[in-house]
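J.: Below is one structure. I have some questions about it.
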Amino acid sequence: MTYQTVRQVYSAADLPFTQCDSLDFVSGDYDKEIAKRIVKVISEEAPITEWLLIKRVINSFGIYKAGSKIKAHMEKLLMNMRLNDTRDKTGTVYWKEKQRPSSYNVYRIFGAYDETVRDVQYVPDAEIANAAASVLEEENLTYEDLARKTAFLLGYTRMGTNVTAGMKRGIECAVKMKKIRQKSCEYEN
């Protein structure tokens, strides 16, 4: 019995642009609009890591760096919204209301636009795990080959430190979730 995965193209949410400085952003005046954009990003991009979610939302307000005040304000809003979330080695991951992390079998590749290219630190472990399981559907590999082919499948052409660490996170997640076996890197029967 094999673990079935689904390949999709990653699509970034199209948010309206509102110019706003950081003091106005944290004042509370924009909280309803920020919450609307959080919901839109989650509905179109989930599962999504907290950092990428914050980045998408603040960038739509013309803010390109999440200082401590902005980060604290976003975290407070996210906590008050009581969203569907889990934790993995990347941090908090937000899911659509109906998504079930335990049965999530999708991995997403880069699309045609720069907004769809995610730094590996923003890719949830579950997606990397699903990509690794997909690679192993075709052949039995060593750990190094599995990491390299999984990275390539996700669109990363070079195995730098961050990509290597990301693949390690995802493969460990795949083993933990019993999508693959650790020693032989084969599917769990």
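Starting from 1 in every chain, residues are counted up; chains themselves are A, B, ... following the order of the structure tokens, and ligands are numbered from 1 as listed.
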Which residues come within 7 Å of Val9 of chain A, counting only C-alpha atoms, excluding same-chain residues fewer than 6 positions away, as a list in words?
T.: Arg108, Ile109, Phe110 and Gly111 of chain A
J.: Which residues are close to Arg100 of chain A, i.e. within 12 Å by only C-alpha atoms, leaving aside same-chain residues fewer than 3 positions away? Reply as a CSV table (one decimal) with N, CA, C and O atoms, in the first residue's frame.
T.:
```
chain,number,residue,atom,x,y,z
A,46,ALA,N,-3.2,28.3,2.4
A,46,ALA,CA,-3.0,27.3,3.4
A,46,ALA,C,-2.7,25.9,2.9
A,46,ALA,O,-3.3,25.6,1.8
A,47,PRO,N,-1.9,25.2,3.6
A,47,PRO,CA,-1.2,25.5,4.8
A,47,PRO,C,-0.1,26.6,4.6
A,47,PRO,O,0.6,26.5,3.6
A,84,ASN,N,-7.3,27.7,12.8
A,84,ASN,CA,-6.9,26.3,12.7
A,84,ASN,C,-5.4,26.3,12.5
A,84,ASN,O,-4.9,26.7,11.4
A,85,ASP,N,-4.6,25.9,13.5
A,85,ASP,CA,-3.2,25.9,13.4
A,85,ASP,C,-2.5,24.7,14.0
A,85,ASP,O,-3.1,24.0,14.9
A,86,THR,N,-1.3,24.5,13.6
A,86,THR,CA,-0.4,23.4,14.2
A,86,THR,C,1.0,24.0,14.3
A,86,THR,O,1.2,25.1,13.8
A,94,TYR,N,-0.7,27.7,9.6
A,94,TYR,CA,-2.1,28.0,9.6
A,94,TYR,C,-2.8,27.2,8.5
A,94,TYR,O,-2.2,27.1,7.4
A,95,TRP,N,-3.9,26.6,8.8
A,95,TRP,CA,-4.7,25.8,7.8
A,95,TRP,C,-6.1,26.3,7.6
A,95,TRP,O,-6.6,27.0,8.5
A,96,LYS,N,-6.7,26.0,6.5
A,96,LYS,CA,-8.1,26.3,6.2
A,96,LYS,C,-8.9,25.6,7.3
A,96,LYS,O,-8.5,24.6,7.8
A,97,GLU,N,-10.1,26.2,7.5
A,97,GLU,CA,-10.9,25.6,8.6
A,97,GLU,C,-11.2,24.1,8.3
A,97,GLU,O,-11.2,23.3,9.3
A,103,SER,N,-4.4,14.3,7.5
A,103,SER,CA,-4.6,13.6,6.2
A,103,SER,C,-4.2,14.5,5.0
A,103,SER,O,-4.5,14.1,3.9
A,104,TYR,N,-3.5,15.6,5.2
A,104,TYR,CA,-3.0,16.4,4.1
A,104,TYR,C,-2.0,15.7,3.3
A,104,TYR,O,-1.0,15.2,3.8
A,105,ASN,N,-2.3,15.6,2.0
A,105,ASN,CA,-1.4,14.8,1.1
A,105,ASN,C,-0.9,15.6,-0.1
A,105,ASN,O,-0.4,15.0,-1.1
A,106,VAL,N,-0.9,16.9,0.0
A,106,VAL,CA,-0.5,17.8,-1.1
A,106,VAL,C,0.9,18.3,-0.9
A,106,VAL,O,1.3,18.6,0.2
A,126,ALA,N,4.9,19.3,6.5
A,126,ALA,CA,4.0,18.4,5.9
A,126,ALA,C,4.1,18.3,4.4
A,126,ALA,O,4.0,17.3,3.7
```
J.: May I ask for the distance between atom CA of Met81 of chain A and atom CA of Trp51 of chain A, given in Å to one decimal place?
T.: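 Separation between atom CA of Met81 of chain A and atom CA of Trp51 of chain A: 16.4 Å.
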J.: With only C-alpha atoms as the basis for distance, which of A:Lys98, A:Arg7, A:Lys176, A:Arg181 is at the shortest distance from Leu141 of chain A?
T.: A:Arg181
J.: Can you tell me, as a PyMOL selection string, what residues are no more than 9 Å from Ile54 of chain A when counting only C-alpha atoms, ignoring any on the same chain fewer than 3 positions away?
T.: chain A and resi 38+49-51+57-59+66+71+74-75
J.: Since we have the selection now, will you write its residues out, keeping C-alpha atoms, as a tab-separated table (two decimals), in the first residue's frame?
T.:
```tsv
chain	number	residue	atom	x	y	z
A	38	ILE	CA	-5.33	37.19	7.01
A	49	THR	CA	3.66	29.30	7.90
A	50	GLU	CA	3.11	32.19	10.28
A	51	TRP	CA	6.08	34.13	8.94
A	57	VAL	CA	-0.23	40.79	4.93
A	58	ILE	CA	2.25	43.50	5.94
A	59	ASN	CA	3.61	43.75	2.38
A	66	ALA	CA	8.26	43.01	10.50
A	71	LYS	CA	5.23	41.11	14.76
A	74	MET	CA	0.15	40.42	14.12
A	75	GLU	CA	0.64	37.62	16.64
```
J.: Check the smallest atom-to-atom distance from each of A:Asn140, A:Ser22, A:Ser60, A:Gln4 to Lys36 of chain A using only C-alpha atoms, then report the winner.
T.: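 Going through A:Asn140, A:Ser22, A:Ser60, A:Gln4 one by one, the smallest distance to Lys36 of chain A is for A:Ser60.
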J.: Please extract the residues of segment 65-137 of chain A with a backbone DSSP assignment of helix (DSSP H, G or I) and present them as a PyMOL selection string.
T.: chain A and resi 68-81+101-103+114-116+120-122+125-137
J.: Work out how far atom CA of Asp31 of chain A is from atom CA of Ala72 of chain A, in Å to one decimal.
T.: 13.1 Å
J.: What does the distance between atom CA of Asp145 of chain A and atom CA of Asp88 of chain A come to in Å, to one decimal place?
T.: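 Value for the atom CA of Asp145 of chain A-atom CA of Asp88 of chain A distance: 23.7 Å.
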J.: Counting only C-alpha atoms, which residue out of A:Ile34, A:Ala129, A:Met177, A:Val120 sits closest to Arg158 of chain A?
T.: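 Closest to Arg158 of chain A, using only C-alpha atoms: A:Val120.
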J.: Point out the residue among A:Gly28, A:Thr164, A:Ile48, A:Gly62 with the least atom-to-atom distance to Arg87 of chain A, counting only C-alpha atoms.
T.: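 Of all the options, A:Ile48 lies closest to Arg87 of chain A.
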J.: Considering only C-alpha atoms, return as an NGL selection string whatever protein or nucleic-acid residues lie within 7 Å of Arg169 of chain A, sequence-local ones (same chain, fewer than 4 positions apart) excluded.
T.: :A and (89 or 125 or 165 or 173)
J.: Nearest residue to Thr161 of chain A out of A:Ala112, A:Gln121, A:Ser68, A:Asp14, using only C-alpha atoms?
T.: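 So, comparing all the options, the nearest one is A:Gln121.
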J.: Rank A:Gln99, A:Glu115, A:Lys69, A:Leu78 by their smallest atom-to-atom distance to Leu15 of chain A, using only C-alpha atoms, and report the top residue only.
T.: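 That would be A:Glu115, the residue with the smallest distance to Leu15 of chain A.
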J.: Among the residues of segment 3-179 of chain A, find those DSSP assigns to strand (DSSP E or B) from the backbone and print them as a list of chain:residue names.
T.: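 Across segment 3-179 of chain A, those assigned strand (DSSP E or B) are A:Val6, A:Arg7, A:Gln8, A:Val9, A:Ile48, A:Thr49, A:Asn84, A:Asp85, A:Thr86, A:Arg87, A:Asp88, A:Gly91, A:Thr92, A:Val93, A:Tyr94, A:Trp95, A:Val106, A:Tyr107, A:Arg108, A:Ile109.
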